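> Dumping the structure here so I can ask a few things about it.
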Amino acid sequence: MIGGSIVALVTPMKSDESVDWECLDSLVDWHVQSGTQGIVPVGTTGESPTVTPQEHCEIVRTVVEVARGRLPVIAGTGANSTREAIEFTSFAKEIGADACLLVPPYYTKPTQEGLVLHYQAIAKAVDLPQILYNVPSRTGCDLLPETVKRLSKTEQVFGIKEATGVIERAAQIRALCGDEFMIYSGDDETACELMIQGGHGTISVTANLVPEQMALMSAAAVSGDRTLAETLNAPLMGLHQKLFLEANPIPVKWALAQMGRIPEGIRLPLTSLSKVHHQSVAAAMVQAGIDQ
């Protein structure tokens with residue numbers, strides 16, 4: 001079972017916007033050493049919309065090779081084309097990823113029936129465990145609980161990353177799909193509460209900066225220890241909020257660069273964090289105990 005703190009990994013880039021492969025290796029090792037319990041390359045935080053298909057595949061391959069089975073790798077393989085999503089998922093299976101995370105087709109705004117057929121087509125084509133990903137603020141469509149229930153009966157589909165930030169949504173999915181269906185938070189600000197109420201983990205942006213603290217907090221929350229989980233989560237609330245002052249991954253990449261973990265590169269049309277937000281993000285980092 002994949003649970004606890006799962007990092008939605010950034011893709012480090014140099015000032016010329018090229019992928020920094022050496023830095024990517026270092027980030028994976030850091031997360032292994034820090035107790036992160038799973039890693040998602042080339043999700044939204046990994047700038048999946050702007051990397052090329054060749055880069056996408058090479059990033060997944062690199063993370064799998066560096067992880068070497070030390071933690072599960074959940075490859076981001078979603079696309080707004082079902083055929084492209086199948087190709088990405090097939091590649092992830094081929095190179096040894098443990099599972100895949102599939103965002104709904106974005107911009108195209110499929111119907112609920114279209115979403116069901118999309119995910120079923122991928123499951124039929126590729127024998128790799130799937131996590132659904134609901135993030136309507138990004139995709140323009142909402143993967144409704146009733147649709148999730150239908151998909152939960154698909155053999156390869158074992159969970160969902162629920163990123164609406166609505167705790168009641170997770171409870172509704174659990175009631176419809178049963179306790180064995182894995183529910184992951186996709187919203188850092190509400191992740192602690194979602195896990196305390198029965199969620200299995202979080203796929204986190206904040207974990208990029210404080211992997212050890214997120215791993216400890218998530219373990220406490222999943223175990224139902226509200227007092228400890230909330231105590232560990234309190235210093236992180238500033239990060240949970242301030243890392244979304246501009247579009248993800250703009251703030252988190254700026255913060256990682258301040259820590260010396262990655263260069264300052266980010267790929268257009270994304271740009272570096274606006275100076276007006278530097279102080280707010282830096283203060284949240286201090287609150288979380290991050291040395292800059």
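By order in the structure tokens, chains are A, B, ...; within a chain, residues start at 1; ligands start at 1, following the order shown.
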Hey, what's within 9 Å of Ala121 (chain A) if we count only C-alpha atoms and toss same-chain stuff fewer than 3 positions away? As a list in words, please?
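So, after excluding close chain neighbours, the residues are Thr82, Arg83, Ile86, Val116, Leu117, His118, Lys124, Ala125 and Val126 of chain A.
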> Could the residues in this selection be saved with N, CA and C atoms as a compact mmCIF listing (two decimals), in the first residue's frame?

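Produced file part_16.txt, reproduced below:
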```
# COMPACT_ATOMS: atom_id res chain seq x y z
N THR A 82 -6.42 10.82 -24.84
CA THR A 82 -6.41 9.47 -24.29
C THR A 82 -5.27 8.65 -24.87
N ARG A 83 -5.03 8.80 -26.16
CA ARG A 83 -3.95 8.03 -26.79
C ARG A 83 -2.59 8.41 -26.22
N ILE A 86 -2.18 6.91 -22.79
CA ILE A 86 -1.84 5.49 -22.90
C ILE A 86 -0.36 5.31 -23.21
N VAL A 116 -15.13 8.40 -17.78
CA VAL A 116 -15.15 6.96 -17.50
C VAL A 116 -14.48 6.19 -18.64
N LEU A 117 -14.86 6.50 -19.87
CA LEU A 117 -14.30 5.78 -21.01
C LEU A 117 -12.80 6.05 -21.17
N HIS A 118 -12.37 7.27 -20.86
CA HIS A 118 -10.94 7.63 -20.91
C HIS A 118 -10.13 6.75 -19.96
N LYS A 124 -7.45 -0.70 -19.68
CA LYS A 124 -7.50 -1.85 -20.58
C LYS A 124 -6.19 -2.01 -21.34
N ALA A 125 -5.57 -0.88 -21.66
CA ALA A 125 -4.37 -0.92 -22.50
C ALA A 125 -3.10 -1.22 -21.71
N VAL A 126 -3.07 -0.82 -20.43
CA VAL A 126 -1.83 -0.92 -19.66
C VAL A 126 -2.10 -1.54 -18.29
```
> DSSP on the backbone: which residues in region 56-92 of chain A end up as helix (DSSP H, G or I)? Give the answer as a list in words.
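Reading the DSSP output for region 56-92 of chain A, helix (DSSP H, G or I) covers His56, Cys57, Glu58, Ile59, Val60, Arg61, Thr62, Val63, Val64, Glu65, Val66, Ala67, Thr82, Arg83, Glu84, Ala85, Ile86, Glu87, Phe88, Thr89, Ser90, Phe91 and Ala92 of chain A.
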> Atoms to include: N, CA and C atoms. Write the selected residues as a short mmCIF file (atom, residue, chain, number, x, y, z; two decimals), in the first residue's frame.

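Done, and the output landed in out19.cif:
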```cif
data_model
loop_
_atom_site.label_atom_id
_atom_site.label_comp_id
_atom_site.auth_asym_id
_atom_site.auth_seq_id
_atom_site.Cartn_x
_atom_site.Cartn_y
_atom_site.Cartn_z
N HIS A 56 9.60 14.23 -20.71
CA HIS A 56 8.66 13.59 -19.79
C HIS A 56 9.10 12.15 -19.49
N CYS A 57 9.33 11.40 -20.54
CA CYS A 57 9.71 10.00 -20.37
C CYS A 57 11.07 9.87 -19.69
N GLU A 58 12.01 10.73 -20.05
CA GLU A 58 13.36 10.64 -19.47
C GLU A 58 13.35 11.02 -18.00
N ILE A 59 12.49 11.97 -17.61
CA ILE A 59 12.37 12.33 -16.19
C ILE A 59 11.84 11.14 -15.39
N VAL A 60 10.81 10.49 -15.90
CA VAL A 60 10.27 9.32 -15.20
C VAL A 60 11.33 8.22 -15.11
N ARG A 61 12.02 7.97 -16.22
CA ARG A 61 13.07 6.94 -16.22
C ARG A 61 14.15 7.25 -15.17
N THR A 62 14.57 8.51 -15.13
CA THR A 62 15.62 8.91 -14.20
C THR A 62 15.19 8.71 -12.75
N VAL A 63 13.96 9.13 -12.43
CA VAL A 63 13.48 9.00 -11.05
C VAL A 63 13.38 7.53 -10.66
N VAL A 64 12.89 6.68 -11.56
CA VAL A 64 12.80 5.25 -11.27
C VAL A 64 14.19 4.67 -11.04
N GLU A 65 15.14 5.03 -11.88
CA GLU A 65 16.49 4.48 -11.76
C GLU A 65 17.19 4.95 -10.49
N VAL A 66 17.01 6.22 -10.13
CA VAL A 66 17.67 6.73 -8.93
C VAL A 66 16.99 6.20 -7.67
N ALA A 67 15.67 6.08 -7.70
CA ALA A 67 14.94 5.57 -6.53
C ALA A 67 15.33 4.12 -6.24
N THR A 82 -6.42 10.82 -24.84
CA THR A 82 -6.41 9.47 -24.29
C THR A 82 -5.27 8.65 -24.87
N ARG A 83 -5.03 8.80 -26.16
CA ARG A 83 -3.95 8.03 -26.79
C ARG A 83 -2.59 8.41 -26.22
N GLU A 84 -2.38 9.71 -25.99
CA GLU A 84 -1.10 10.14 -25.42
C GLU A 84 -0.96 9.63 -23.99
N ALA A 85 -2.04 9.66 -23.22
CA ALA A 85 -2.00 9.14 -21.85
C ALA A 85 -1.65 7.66 -21.84
N ILE A 86 -2.18 6.91 -22.79
CA ILE A 86 -1.84 5.49 -22.90
C ILE A 86 -0.36 5.31 -23.21
N GLU A 87 0.17 6.14 -24.09
CA GLU A 87 1.59 6.04 -24.44
C GLU A 87 2.48 6.33 -23.23
N PHE A 88 2.16 7.40 -22.49
CA PHE A 88 2.94 7.74 -21.30
C PHE A 88 2.85 6.63 -20.25
N THR A 89 1.64 6.09 -20.07
CA THR A 89 1.43 5.05 -19.07
C THR A 89 2.14 3.76 -19.48
N SER A 90 2.12 3.43 -20.75
CA SER A 90 2.83 2.25 -21.24
C SER A 90 4.33 2.38 -20.99
N PHE A 91 4.86 3.57 -21.22
CA PHE A 91 6.29 3.78 -20.98
C PHE A 91 6.61 3.63 -19.49
N ALA A 92 5.76 4.21 -18.65
CA ALA A 92 5.98 4.11 -17.20
C ALA A 92 5.99 2.64 -16.76
#
```
> DSSP on the backbone: which residues in region 38-257 of chain A end up as strand (DSSP E)? Give the answer as a PDB file with C-alpha atoms, in the first residue's frame.

```pdb
ATOM      1  CA  GLY A  38       6.364   8.028  -2.443  1.00  0.00           C
ATOM      2  CA  ILE A  39       7.368  10.283  -5.308  1.00  0.00           C
ATOM      3  CA  VAL A  40       5.408  11.661  -8.279  1.00  0.00           C
ATOM      4  CA  ILE A  74       4.005   7.084  -9.173  1.00  0.00           C
ATOM      5  CA  ALA A  75       4.531   8.459 -12.658  1.00  0.00           C
ATOM      6  CA  GLY A  76       2.445  11.377 -13.835  1.00  0.00           C
ATOM      7  CA  ALA A  99       1.852   3.186 -10.374  1.00  0.00           C
ATOM      8  CA  CYS A 100       0.635   6.159 -12.347  1.00  0.00           C
ATOM      9  CA  LEU A 101      -1.242   9.364 -11.544  1.00  0.00           C
ATOM     10  CA  LEU A 102      -3.725  10.387 -14.214  1.00  0.00           C
ATOM     11  CA  GLN A 130      -3.813   3.925 -11.458  1.00  0.00           C
ATOM     12  CA  ILE A 131      -4.550   6.844  -9.166  1.00  0.00           C
ATOM     13  CA  LEU A 132      -7.232   9.187 -10.464  1.00  0.00           C
ATOM     14  CA  TYR A 133      -6.605  12.900  -9.975  1.00  0.00           C
ATOM     15  CA  ASN A 134      -9.388  15.426  -9.496  1.00  0.00           C
ATOM     16  CA  VAL A 157      -7.921   1.950 -10.462  1.00  0.00           C
ATOM     17  CA  PHE A 158      -7.075   1.840  -6.752  1.00  0.00           C
ATOM     18  CA  GLY A 159      -7.323   5.444  -5.537  1.00  0.00           C
ATOM     19  CA  ILE A 160      -7.799   9.133  -6.146  1.00  0.00           C
ATOM     20  CA  LYS A 161      -5.895  12.329  -5.486  1.00  0.00           C
ATOM     21  CA  GLU A 162      -8.674  14.695  -4.435  1.00  0.00           C
ATOM     22  CA  MET A 182      -7.241   4.867  -1.450  1.00  0.00           C
ATOM     23  CA  ILE A 183      -7.917   8.587  -0.974  1.00  0.00           C
ATOM     24  CA  TYR A 184      -5.019  11.032  -1.145  1.00  0.00           C
ATOM     25  CA  SER A 185      -5.170  14.733  -0.461  1.00  0.00           C
ATOM     26  CA  GLY A 201      -1.909  10.039   2.397  1.00  0.00           C
ATOM     27  CA  THR A 202      -1.113  13.292   0.669  1.00  0.00           C
ATOM     28  CA  ILE A 203       0.475  14.061  -2.694  1.00  0.00           C
ATOM     29  CA  SER A 204       2.149  17.221  -1.569  1.00  0.00           C
TER      30      SER A 204
END
```
> Quick check, in Å to one decimal: how far apart do CA of Val276 (chain A) and CA of Lys242 (chain A) lie?
12.2 Å
> For each of A:Arg138, A:Arg70, A:Arg261, A:His277, take the minimum atom-to-atom distance to Gln37 (chain A), counting only C-alpha atoms, then give the residue where this is smallest.
A:Arg70
